[in-house]
$ cat input17.csv   # CSV, N, CA and C atoms
chain,number,residue,atom,x,y,z
A,58,LEU,N,-1.5,5.9,6.4
A,58,LEU,CA,-2.3,6.9,5.9
A,58,LEU,C,-2.3,6.9,4.3
A,59,LEU,N,-1.1,6.6,3.8
A,59,LEU,CA,-1.0,6.5,2.3
A,59,LEU,C,-1.9,5.3,1.8
A,60,LYS,N,-1.9,4.2,2.6
A,60,LYS,CA,-2.7,3.1,2.2
A,60,LYS,C,-4.2,3.5,2.1
A,61,CYS,N,-4.7,4.2,3.1
A,61,CYS,CA,-6.1,4.7,3.1
A,61,CYS,C,-6.3,5.6,1.9
A,62,HIS,N,-5.3,6.5,1.6
A,62,HIS,CA,-5.5,7.5,0.5
A,62,HIS,C,-5.5,6.8,-0.8
A,63,LEU,N,-4.8,5.7,-1.0
A,63,LEU,CA,-4.7,5.1,-2.3
A,63,LEU,C,-5.8,4.1,-2.5
A,64,ARG,N,-6.4,3.5,-1.5
A,64,ARG,CA,-7.4,2.5,-1.6
A,64,ARG,C,-8.8,3.3,-1.7
A,65,THR,N,-9.8,2.5,-1.9
A,65,THR,CA,-11.2,3.1,-2.1
A,65,THR,C,-11.6,3.7,-0.7
A,66,PRO,N,-12.1,4.9,-0.8
A,66,PRO,CA,-12.5,5.6,0.5
A,66,PRO,C,-13.6,4.9,1.2
A,67,SER,N,-14.4,4.2,0.5
A,67,SER,CA,-15.6,3.5,1.2
A,67,SER,C,-15.1,2.4,2.1
A,68,ARG,N,-13.9,1.8,1.8
A,68,ARG,CA,-13.4,0.8,2.7
A,68,ARG,C,-12.5,1.3,3.8
A,69,HIS,N,-12.0,2.5,3.7
A,69,HIS,CA,-11.1,3.0,4.7
A,69,HIS,C,-11.5,4.4,5.1
A,70,ASP,N,-11.6,4.7,6.3
A,70,ASP,CA,-11.9,6.0,6.8
A,70,ASP,C,-10.7,6.7,7.2
A,71,ILE,N,-10.2,7.7,6.4
A,71,ILE,CA,-9.0,8.4,6.6
A,71,ILE,C,-9.0,9.2,7.9
A,72,LEU,N,-10.1,9.8,8.2
A,72,LEU,CA,-10.2,10.6,9.4
A,72,LEU,C,-10.1,9.8,10.6
A,73,ALA,N,-10.7,8.6,10.6
A,73,ALA,CA,-10.6,7.7,11.8
A,73,ALA,C,-9.1,7.2,11.9
A,74,GLU,N,-8.5,7.0,10.8
A,74,GLU,CA,-7.1,6.6,10.8
A,74,GLU,C,-6.1,7.6,11.4
A,75,VAL,N,-6.3,8.9,11.0
A,75,VAL,CA,-5.4,9.9,11.5
A,75,VAL,C,-5.8,10.4,12.9
A,76,ALA,N,-7.1,10.2,13.3
A,76,ALA,CA,-7.5,10.7,14.6
A,76,ALA,C,-6.7,10.1,15.8
A,77,GLN,N,-6.1,9.0,15.6
A,77,GLN,CA,-5.3,8.4,16.7
A,77,GLN,C,-3.9,9.0,16.8
A,78,TYR,N,-3.5,9.8,15.8
A,78,TYR,CA,-2.2,10.4,15.8
A,78,TYR,C,-2.2,11.9,15.8
A,79,LEU,N,-3.3,12.5,15.4
A,79,LEU,CA,-3.4,14.0,15.4
A,79,LEU,C,-4.5,14.5,16.3
A,80,THR,N,-4.3,15.8,16.7
A,80,THR,CA,-5.3,16.4,17.5
A,80,THR,C,-6.5,16.8,16.7
A,81,VAL,N,-7.6,17.2,17.3
A,81,VAL,CA,-8.8,17.5,16.6
A,81,VAL,C,-8.6,18.8,15.7
A,82,LYS,N,-7.8,19.7,16.3
A,82,LYS,CA,-7.5,20.9,15.5
A,82,LYS,C,-6.7,20.6,14.2
A,83,GLU,N,-5.8,19.7,14.4
A,83,GLU,CA,-4.9,19.3,13.2
A,83,GLU,C,-5.8,18.5,12.2
A,84,VAL,N,-6.7,17.7,12.6
A,84,VAL,CA,-7.6,17.0,11.7
A,84,VAL,C,-8.5,18.0,11.0
A,85,GLN,N,-9.0,19.0,11.7
A,85,GLN,CA,-9.8,20.0,11.0
A,85,GLN,C,-9.0,20.8,10.0
A,86,ALA,N,-7.8,21.2,10.4
A,86,ALA,CA,-6.9,21.9,9.5
A,86,ALA,C,-6.6,21.1,8.2
A,87,MET,N,-6.4,19.8,8.4
A,87,MET,CA,-6.1,18.9,7.3
A,87,MET,C,-7.3,18.9,6.3
A,88,VAL,N,-8.5,18.7,6.9
A,88,VAL,CA,-9.7,18.7,6.0
A,88,VAL,C,-9.9,20.0,5.3
A,89,ALA,N,-9.7,21.1,6.1
A,89,ALA,CA,-10.0,22.4,5.5
A,89,ALA,C,-8.9,22.8,4.4
A,90,SER,N,-7.7,22.2,4.5
A,90,SER,CA,-6.7,22.6,3.5
A,90,SER,C,-7.0,22.2,2.1
A,91,GLY,N,-7.7,21.1,1.9
A,91,GLY,CA,-8.0,20.7,0.5
A,91,GLY,C,-6.9,19.8,-0.1
A,92,LEU,N,-5.8,19.7,0.6
A,92,LEU,CA,-4.7,18.8,0.2
A,92,LEU,C,-5.0,17.4,0.5
A,93,PRO,N,-4.5,16.4,-0.3
A,93,PRO,CA,-4.6,15.0,0.1
A,93,PRO,C,-4.0,14.8,1.5
A,94,PRO,N,-4.6,14.0,2.3
A,94,PRO,CA,-4.1,13.9,3.7
A,94,PRO,C,-2.6,13.5,3.8
A,95,PRO,N,-2.1,12.5,3.0
A,95,PRO,CA,-0.6,12.2,3.2
A,95,PRO,C,0.3,13.4,2.8
A,96,LEU,N,-0.1,14.2,1.8
A,96,LEU,CA,0.6,15.4,1.5
A,96,LEU,C,0.6,16.4,2.6
A,97,TRP,N,-0.6,16.6,3.2
A,97,TRP,CA,-0.7,17.6,4.3
A,97,TRP,C,0.2,17.2,5.4
A,98,ILE,N,0.2,15.9,5.7
A,98,ILE,CA,1.0,15.4,6.8
A,98,ILE,C,2.5,15.7,6.6
A,99,LEU,N,2.9,15.4,5.3
A,99,LEU,CA,4.3,15.6,5.0
A,99,LEU,C,4.7,17.1,5.0
A,100,ASN,N,3.7,17.9,4.5
A,100,ASN,CA,4.0,19.4,4.6
A,100,ASN,C,4.0,19.9,6.0
A,101,SER,N,3.2,19.4,6.9
A,101,SER,CA,3.2,19.8,8.3
A,101,SER,C,4.5,19.3,8.9
A,102,LEU,N,5.0,18.2,8.5
A,102,LEU,CA,6.2,17.7,9.1
A,102,LEU,C,7.4,18.6,8.6
A,103,ALA,N,7.3,19.0,7.4
A,103,ALA,CA,8.4,19.9,6.9
A,103,ALA,C,8.3,21.3,7.6
A,104,TRP,N,7.1,21.8,7.9
A,104,TRP,CA,6.9,23.0,8.6
A,104,TRP,C,7.5,22.9,10.0
A,105,THR,N,7.3,21.7,10.6
A,105,THR,CA,7.8,21.5,12.0
A,105,THR,C,9.3,21.4,12.0
A,106,VAL,N,9.9,20.8,11.0
A,106,VAL,CA,11.3,20.7,10.9
A,106,VAL,C,11.9,22.1,10.7
A,107,ASN,N,11.3,22.9,9.8
A,107,ASN,CA,11.8,24.3,9.6
A,107,ASN,C,11.6,25.2,10.8
A,108,SER,N,10.6,25.0,11.6
A,108,SER,CA,10.4,25.8,12.7
A,108,SER,C,11.2,25.4,14.0
A,109,ALA,N,11.7,24.1,13.9
A,109,ALA,CA,12.5,23.6,15.0
A,109,ALA,C,13.8,24.3,15.0
A,110,ASN,N,14.4,24.2,16.2
A,110,ASN,CA,15.7,24.8,16.4
A,110,ASN,C,16.8,23.8,16.1
A,111,LEU,N,17.0,23.3,14.9
A,111,LEU,CA,18.0,22.3,14.5
A,111,LEU,C,19.1,23.0,13.8
A,112,ASN,N,20.3,22.3,13.9
A,112,ASN,CA,21.4,22.9,13.1
A,112,ASN,C,21.1,22.7,11.6
A,113,GLU,N,21.8,23.4,10.8
A,113,GLU,CA,21.5,23.5,9.4
A,113,GLU,C,21.6,22.2,8.6
A,114,PHE,N,22.6,21.4,9.0
A,114,PHE,CA,22.8,20.1,8.3
A,114,PHE,C,21.7,19.2,8.6
A,115,LYS,N,21.2,19.1,9.9
A,115,LYS,CA,20.1,18.2,10.2
A,115,LYS,C,18.8,18.6,9.5
A,116,ALA,N,18.6,19.9,9.5
A,116,ALA,CA,17.3,20.4,8.9
A,116,ALA,C,17.3,20.1,7.4
A,117,MET,N,18.5,20.3,6.8
A,117,MET,CA,18.6,20.1,5.4
A,117,MET,C,18.4,18.6,5.0
A,118,GLN,N,19.0,17.7,5.8
A,118,GLN,CA,18.9,16.3,5.6
A,118,GLN,C,17.4,15.8,5.8
A,119,MET,N,16.7,16.3,6.9
A,119,MET,CA,15.3,16.0,7.1
A,119,MET,C,14.5,16.5,6.0
A,120,ASN,N,14.7,17.7,5.5
A,120,ASN,CA,13.9,18.2,4.4
A,120,ASN,C,14.1,17.4,3.1
A,121,LYS,N,15.3,16.9,2.9
A,121,LYS,CA,15.6,16.1,1.8
A,121,LYS,C,14.8,14.8,1.9
A,122,ASN,N,14.8,14.2,3.1
A,122,ASN,CA,14.1,12.9,3.3
A,122,ASN,C,12.6,13.1,3.1
A,123,ILE,N,12.0,14.3,3.5
A,123,ILE,CA,10.6,14.6,3.4
A,123,ILE,C,10.3,14.8,1.9
A,124,SER,N,11.2,15.4,1.2
A,124,SER,CA,11.0,15.6,-0.3
A,124,SER,C,11.0,14.3,-1.0
A,125,GLU,N,11.9,13.4,-0.6
A,125,GLU,CA,11.9,12.0,-1.2
A,125,GLU,C,10.6,11.3,-0.9
A,126,LEU,N,10.0,11.4,0.3
A,126,LEU,CA,8.8,10.8,0.6
A,126,LEU,C,7.6,11.4,-0.2
A,127,ILE,N,7.6,12.7,-0.4
A,127,ILE,CA,6.6,13.3,-1.3
A,127,ILE,C,6.7,12.8,-2.7
A,128,ALA,N,8.0,12.6,-3.2
A,128,ALA,CA,8.2,12.1,-4.6
A,128,ALA,C,7.7,10.6,-4.6
A,129,ASP,N,8.0,9.8,-3.6
A,129,ASP,CA,7.5,8.4,-3.5
A,129,ASP,C,6.0,8.3,-3.5
A,130,MET,N,5.4,9.3,-2.8
A,130,MET,CA,3.9,9.3,-2.8
A,130,MET,C,3.4,9.5,-4.2
A,131,GLY,N,4.0,10.5,-4.9
A,131,GLY,CA,3.6,10.7,-6.3
A,131,GLY,C,3.8,9.5,-7.2
A,132,LYS,N,4.8,8.8,-6.9
A,132,LYS,CA,5.1,7.5,-7.7
A,132,LYS,C,4.0,6.5,-7.4
A,133,CYS,N,3.6,6.4,-6.2
A,133,CYS,CA,2.5,5.4,-5.8
A,133,CYS,C,1.2,5.8,-6.5
A,134,GLU,N,0.9,7.1,-6.5
A,134,GLU,CA,-0.3,7.6,-7.1
A,134,GLU,C,-0.3,7.3,-8.6
A,135,ARG,N,0.8,7.5,-9.3
A,135,ARG,CA,1.0,7.3,-10.7
A,135,ARG,C,0.8,5.8,-11.0
A,136,LEU,N,1.5,5.0,-10.1
A,136,LEU,CA,1.4,3.5,-10.3
A,136,LEU,C,-0.1,3.0,-10.1
A,137,LEU,N,-0.8,3.6,-9.2
A,137,LEU,CA,-2.2,3.2,-9.0
A,137,LEU,C,-3.0,3.6,-10.2
A,138,SER,N,-2.8,4.7,-10.8
A,138,SER,CA,-3.6,5.2,-11.9
A,138,SER,C,-3.2,4.6,-13.2
A,139,THR,N,-2.1,3.8,-13.3
A,139,THR,CA,-1.7,3.2,-14.6
A,139,THR,C,-2.5,1.9,-14.8
A,140,PRO,N,-3.2,1.8,-15.9
A,140,PRO,CA,-4.1,0.7,-16.1
A,140,PRO,C,-3.2,-0.6,-16.5
A,141,MET,N,-3.6,-1.7,-16.0
A,141,MET,CA,-2.9,-3.0,-16.3
A,141,MET,C,-3.4,-3.5,-17.7
A,142,PRO,N,-2.4,-3.8,-18.6
A,142,PRO,CA,-2.8,-4.3,-19.9
A,142,PRO,C,-3.7,-5.6,-19.8
A,143,ILE,N,-4.6,-5.7,-20.6
A,143,ILE,CA,-5.6,-6.9,-20.6
A,143,ILE,C,-4.8,-8.2,-20.8
A,144,SER,N,-3.7,-8.1,-21.6
A,144,SER,CA,-3.0,-9.4,-21.9
A,144,SER,C,-2.3,-9.9,-20.6
A,145,TYR,N,-1.9,-9.0,-19.7
A,145,TYR,CA,-1.2,-9.4,-18.5
A,145,TYR,C,-2.2,-10.0,-17.6
A,146,SER,N,-3.4,-9.5,-17.4
A,146,SER,CA,-4.4,-10.0,-16.5
A,146,SER,C,-4.9,-11.4,-17.1
A,147,ARG,N,-5.0,-11.5,-18.4
A,147,ARG,CA,-5.4,-12.8,-19.0
A,147,ARG,C,-4.4,-13.9,-18.7
A,148,LEU,N,-3.1,-13.5,-19.0
A,148,LEU,CA,-2.0,-14.4,-18.8
A,148,LEU,C,-2.0,-14.9,-17.3
A,149,SER,N,-2.1,-13.9,-16.4
A,149,SER,CA,-2.1,-14.3,-15.0
A,149,SER,C,-3.3,-15.2,-14.6
A,150,ALA,N,-4.4,-15.0,-15.1
A,150,ALA,CA,-5.6,-15.8,-14.9
A,150,ALA,C,-5.4,-17.2,-15.4
A,151,ARG,N,-4.9,-17.3,-16.6
A,151,ARG,CA,-4.6,-18.6,-17.3
A,151,ARG,C,-3.6,-19.4,-16.5
A,152,PHE,N,-2.5,-18.7,-16.1
A,152,PHE,CA,-1.5,-19.4,-15.3
A,152,PHE,C,-2.0,-19.9,-14.0
A,153,LEU,N,-2.8,-19.1,-13.3
A,153,LEU,CA,-3.4,-19.6,-12.1
A,153,LEU,C,-4.3,-20.7,-12.2
A,154,ILE,N,-5.1,-20.7,-13.3
A,154,ILE,CA,-6.0,-21.9,-13.5
A,154,ILE,C,-5.3,-23.1,-13.8
A,155,ILE,N,-4.2,-23.1,-14.6
A,155,ILE,CA,-3.4,-24.2,-14.9
A,155,ILE,C,-2.7,-24.7,-13.7
A,156,TRP,N,-2.2,-23.8,-12.9
A,156,TRP,CA,-1.5,-24.2,-11.7
A,156,TRP,C,-2.4,-24.9,-10.7
A,157,LEU,N,-3.6,-24.4,-10.5
A,157,LEU,CA,-4.6,-25.0,-9.6
A,157,LEU,C,-5.1,-26.3,-10.1
A,158,VAL,N,-5.2,-26.5,-11.4
A,158,VAL,CA,-5.7,-27.8,-12.0
A,158,VAL,C,-4.6,-28.8,-11.8
A,159,LEU,N,-3.3,-28.5,-12.0
A,159,LEU,CA,-2.2,-29.5,-11.9
A,159,LEU,C,-1.8,-29.7,-10.5
A,160,LEU,N,-2.1,-28.8,-9.6
A,160,LEU,CA,-1.6,-29.0,-8.2
A,160,LEU,C,-2.1,-30.3,-7.5
A,161,PRO,N,-3.4,-30.7,-7.7
A,161,PRO,CA,-3.8,-32.0,-7.0
A,161,PRO,C,-3.0,-33.2,-7.4
A,162,PHE,N,-2.5,-33.2,-8.7
A,162,PHE,CA,-1.7,-34.4,-9.1
A,162,PHE,C,-0.4,-34.4,-8.4
A,163,TYR,N,0.2,-33.3,-8.2
A,163,TYR,CA,1.4,-33.3,-7.4
A,163,TYR,C,1.2,-33.6,-6.0
A,164,LEU,N,0.1,-33.1,-5.4
A,164,LEU,CA,-0.2,-33.3,-4.0
A,164,LEU,C,-0.6,-34.8,-3.8
A,165,ALA,N,-1.2,-35.4,-4.7
A,165,ALA,CA,-1.6,-36.8,-4.6
A,165,ALA,C,-0.4,-37.7,-4.4
A,166,ARG,N,0.7,-37.4,-5.1
A,166,ARG,CA,1.9,-38.2,-5.0
A,166,ARG,C,2.6,-38.1,-3.6
A,167,SER,N,2.4,-36.9,-3.0
A,167,SER,CA,3.2,-36.6,-1.8
A,167,SER,C,2.3,-36.9,-0.5
A,168,SER,N,1.0,-37.2,-0.6
A,168,SER,CA,0.2,-37.4,0.6
A,168,SER,C,-0.6,-38.7,0.4
A,169,GLN,N,-1.2,-39.1,1.6
A,169,GLN,CA,-2.0,-40.3,1.6
A,169,GLN,C,-3.5,-39.9,1.5
A,170,GLY,N,-4.2,-40.4,0.5
A,170,GLY,CA,-5.6,-40.2,0.4
A,170,GLY,C,-6.0,-38.9,-0.2
A,171,ILE,N,-7.3,-39.0,-0.7
A,171,ILE,CA,-7.9,-37.8,-1.4
A,171,ILE,C,-8.2,-36.7,-0.4
A,172,THR,N,-8.5,-37.0,0.9
A,172,THR,CA,-8.8,-36.0,1.8
A,172,THR,C,-7.7,-35.0,2.1
A,173,GLY,N,-6.5,-35.6,2.2
A,173,GLY,CA,-5.3,-34.7,2.4
A,173,GLY,C,-5.0,-33.8,1.2
A,174,VAL,N,-5.3,-34.4,0.0
A,174,VAL,CA,-5.1,-33.6,-1.2
A,174,VAL,C,-6.1,-32.4,-1.3
A,175,LEU,N,-7.4,-32.7,-1.0
A,175,LEU,CA,-8.4,-31.6,-1.0
A,175,LEU,C,-8.1,-30.6,0.0
A,176,VAL,N,-7.7,-31.0,1.2
A,176,VAL,CA,-7.4,-30.0,2.3
A,176,VAL,C,-6.2,-29.1,1.9
A,177,LYS,N,-5.2,-29.7,1.3
A,177,LYS,CA,-4.0,-29.0,0.9
A,177,LYS,C,-4.3,-28.1,-0.3
A,178,GLU,N,-5.1,-28.6,-1.2
A,178,GLU,CA,-5.5,-27.7,-2.4
A,178,GLU,C,-6.3,-26.5,-1.9
A,179,LEU,N,-7.3,-26.7,-1.0
A,179,LEU,CA,-8.1,-25.6,-0.5
A,179,LEU,C,-7.2,-24.6,0.2
A,180,PHE,N,-6.2,-25.1,1.0
A,180,PHE,CA,-5.4,-24.2,1.8
A,180,PHE,C,-4.5,-23.4,0.8
A,181,VAL,N,-4.0,-24.0,-0.2
A,181,VAL,CA,-3.1,-23.3,-1.1
A,181,VAL,C,-3.9,-22.3,-2.0
A,182,ALA,N,-5.1,-22.8,-2.4
A,182,ALA,CA,-5.9,-21.9,-3.3
A,182,ALA,C,-6.4,-20.7,-2.6
A,183,PHE,N,-6.7,-20.8,-1.3
A,183,PHE,CA,-7.3,-19.6,-0.7
A,183,PHE,C,-6.4,-19.3,0.5
$ encode --input "input17.csv" --output "C-alpha cells"
Amino acid sequence: LLKCHLRTPSRHDILAEVAQYLTVKEVQAMVASGLPPPLWILNSLAWTVNSANLNEFKAMQMNKNISELIADMGKCERLLSTPMPISYSRLSARFLIIWLVLLPFYLARSSQGITGVLVKELFVAF
C-alpha cells in the first residue's frame, strides 16, 4: 500500500490494491477520512490493538511498533520529496555510459565471436 501511495497514482490504483484486504465499508471509511491510505491503515491497526483485550505489555509493544511504522512512512515521504542534485544524476549517467562503452571490450576477451558479445551486452544493459 505504501508503494502505491508513494508512486504516481496514475500507475497504481490504491483502492484496487486495498480491496483485496479490506471490506467495502472499510474502503469507504478510508476514502471518507481524508487521511493518506497507509496512515489510515496504521491508525485503524492501532485502534484495533487498543480495543483488543490484550495485556498491557503486549498492547504497549504493538503500539510502539505501529508508531515506528508511522515514523518510517514519514521518512519515506520525505525521502521521495527530496530532490536529487543535478551533479549526482549527471555523474550517474556519465558512469553508466562509460561502463556500457567499455563493457564490450571486456566481454570480447571472455567469449567467442561478436554475436556472444552483443547478446551479453544487451542482456547486461537492459
$ residues_around --input "input17.csv" --residues "Ile123 in chain A" --least-positions-apart "5" --cutoff "8 Å" --atoms "only C-alpha atoms" --output "list in words"
Leu99, Leu102 and Ala103 of chain A
$ select_by_dssp --input "input17.csv" --residues "chain A" --states "helix (DSSP H, G or I)" --output "PyMOL selection string"
chain A and resi 59-63+71-76+81-90+94-108+113-138+143-167+170-182
$ residues_around --input "input17.csv" --residues "range 135-143 of chain A" --least-positions-apart "6" --cutoff "8 Å" --atoms "only N, CA and C atoms" --output "PyMOL selection string"
chain A and resi 63+129+149
$ atom_distance --input "input17.csv" --atom1 "CA of Ala128 in chain A" --atom2 "atom C of Ser90 in chain A"
19.4 Å
$ build_atoms --input "input17.csv" --residues "range 98-112 of chain A" --atoms "N, CA, C and O atoms" --output "mmCIF file, keeping the file's coordinate frame"
data_model
loop_
_atom_site.group_PDB
_atom_site.id
_atom_site.type_symbol
_atom_site.label_atom_id
_atom_site.label_comp_id
_atom_site.auth_asym_id
_atom_site.auth_seq_id
_atom_site.Cartn_x
_atom_site.Cartn_y
_atom_site.Cartn_z
ATOM 1 N N ILE A 98 0.200 15.900 5.700
ATOM 2 C CA ILE A 98 1.000 15.400 6.800
ATOM 3 C C ILE A 98 2.500 15.700 6.600
ATOM 4 O O ILE A 98 3.224 16.130 7.432
ATOM 5 N N LEU A 99 2.900 15.400 5.300
ATOM 6 C CA LEU A 99 4.300 15.600 5.000
ATOM 7 C C LEU A 99 4.700 17.100 5.000
ATOM 8 O O LEU A 99 5.763 17.480 5.427
ATOM 9 N N ASN A 100 3.700 17.900 4.500
ATOM 10 C CA ASN A 100 4.000 19.400 4.600
ATOM 11 C C ASN A 100 4.000 19.900 6.000
ATOM 12 O O ASN A 100 4.888 20.704 6.331
ATOM 13 N N SER A 101 3.200 19.400 6.900
ATOM 14 C CA SER A 101 3.200 19.800 8.300
ATOM 15 C C SER A 101 4.500 19.300 8.900
ATOM 16 O O SER A 101 5.043 20.007 9.799
ATOM 17 N N LEU A 102 5.000 18.200 8.500
ATOM 18 C CA LEU A 102 6.200 17.700 9.100
ATOM 19 C C LEU A 102 7.400 18.600 8.600
ATOM 20 O O LEU A 102 8.277 18.897 9.394
ATOM 21 N N ALA A 103 7.300 19.000 7.400
ATOM 22 C CA ALA A 103 8.400 19.900 6.900
ATOM 23 C C ALA A 103 8.300 21.300 7.600
ATOM 24 O O ALA A 103 9.335 21.855 7.924
ATOM 25 N N TRP A 104 7.100 21.800 7.900
ATOM 26 C CA TRP A 104 6.900 23.000 8.600
ATOM 27 C C TRP A 104 7.500 22.900 10.000
ATOM 28 O O TRP A 104 8.120 23.786 10.534
ATOM 29 N N THR A 105 7.300 21.700 10.600
ATOM 30 C CA THR A 105 7.800 21.500 12.000
ATOM 31 C C THR A 105 9.300 21.400 12.000
ATOM 32 O O THR A 105 9.919 22.005 12.856
ATOM 33 N N VAL A 106 9.900 20.800 11.000
ATOM 34 C CA VAL A 106 11.300 20.700 10.900
ATOM 35 C C VAL A 106 11.900 22.100 10.700
ATOM 36 O O VAL A 106 12.905 22.521 11.295
ATOM 37 N N ASN A 107 11.300 22.900 9.800
ATOM 38 C CA ASN A 107 11.800 24.300 9.600
ATOM 39 C C ASN A 107 11.600 25.200 10.800
ATOM 40 O O ASN A 107 12.448 26.097 10.984
ATOM 41 N N SER A 108 10.600 25.000 11.600
ATOM 42 C CA SER A 108 10.400 25.800 12.700
ATOM 43 C C SER A 108 11.200 25.400 14.000
ATOM 44 O O SER A 108 11.329 26.098 14.933
ATOM 45 N N ALA A 109 11.700 24.100 13.900
ATOM 46 C CA ALA A 109 12.500 23.600 15.000
ATOM 47 C C ALA A 109 13.800 24.300 15.000
ATOM 48 O O ALA A 109 14.307 24.789 14.042
ATOM 49 N N ASN A 110 14.400 24.200 16.200
ATOM 50 C CA ASN A 110 15.700 24.800 16.400
ATOM 51 C C ASN A 110 16.800 23.800 16.100
ATOM 52 O O ASN A 110 17.560 23.404 17.018
ATOM 53 N N LEU A 111 17.000 23.300 14.900
ATOM 54 C CA LEU A 111 18.000 22.300 14.500
ATOM 55 C C LEU A 111 19.100 23.000 13.800
ATOM 56 O O LEU A 111 19.003 24.063 13.231
ATOM 57 N N ASN A 112 20.300 22.300 13.900
ATOM 58 C CA ASN A 112 21.400 22.900 13.100
ATOM 59 C C ASN A 112 21.100 22.700 11.600
ATOM 60 O O ASN A 112 20.250 21.915 11.193
#
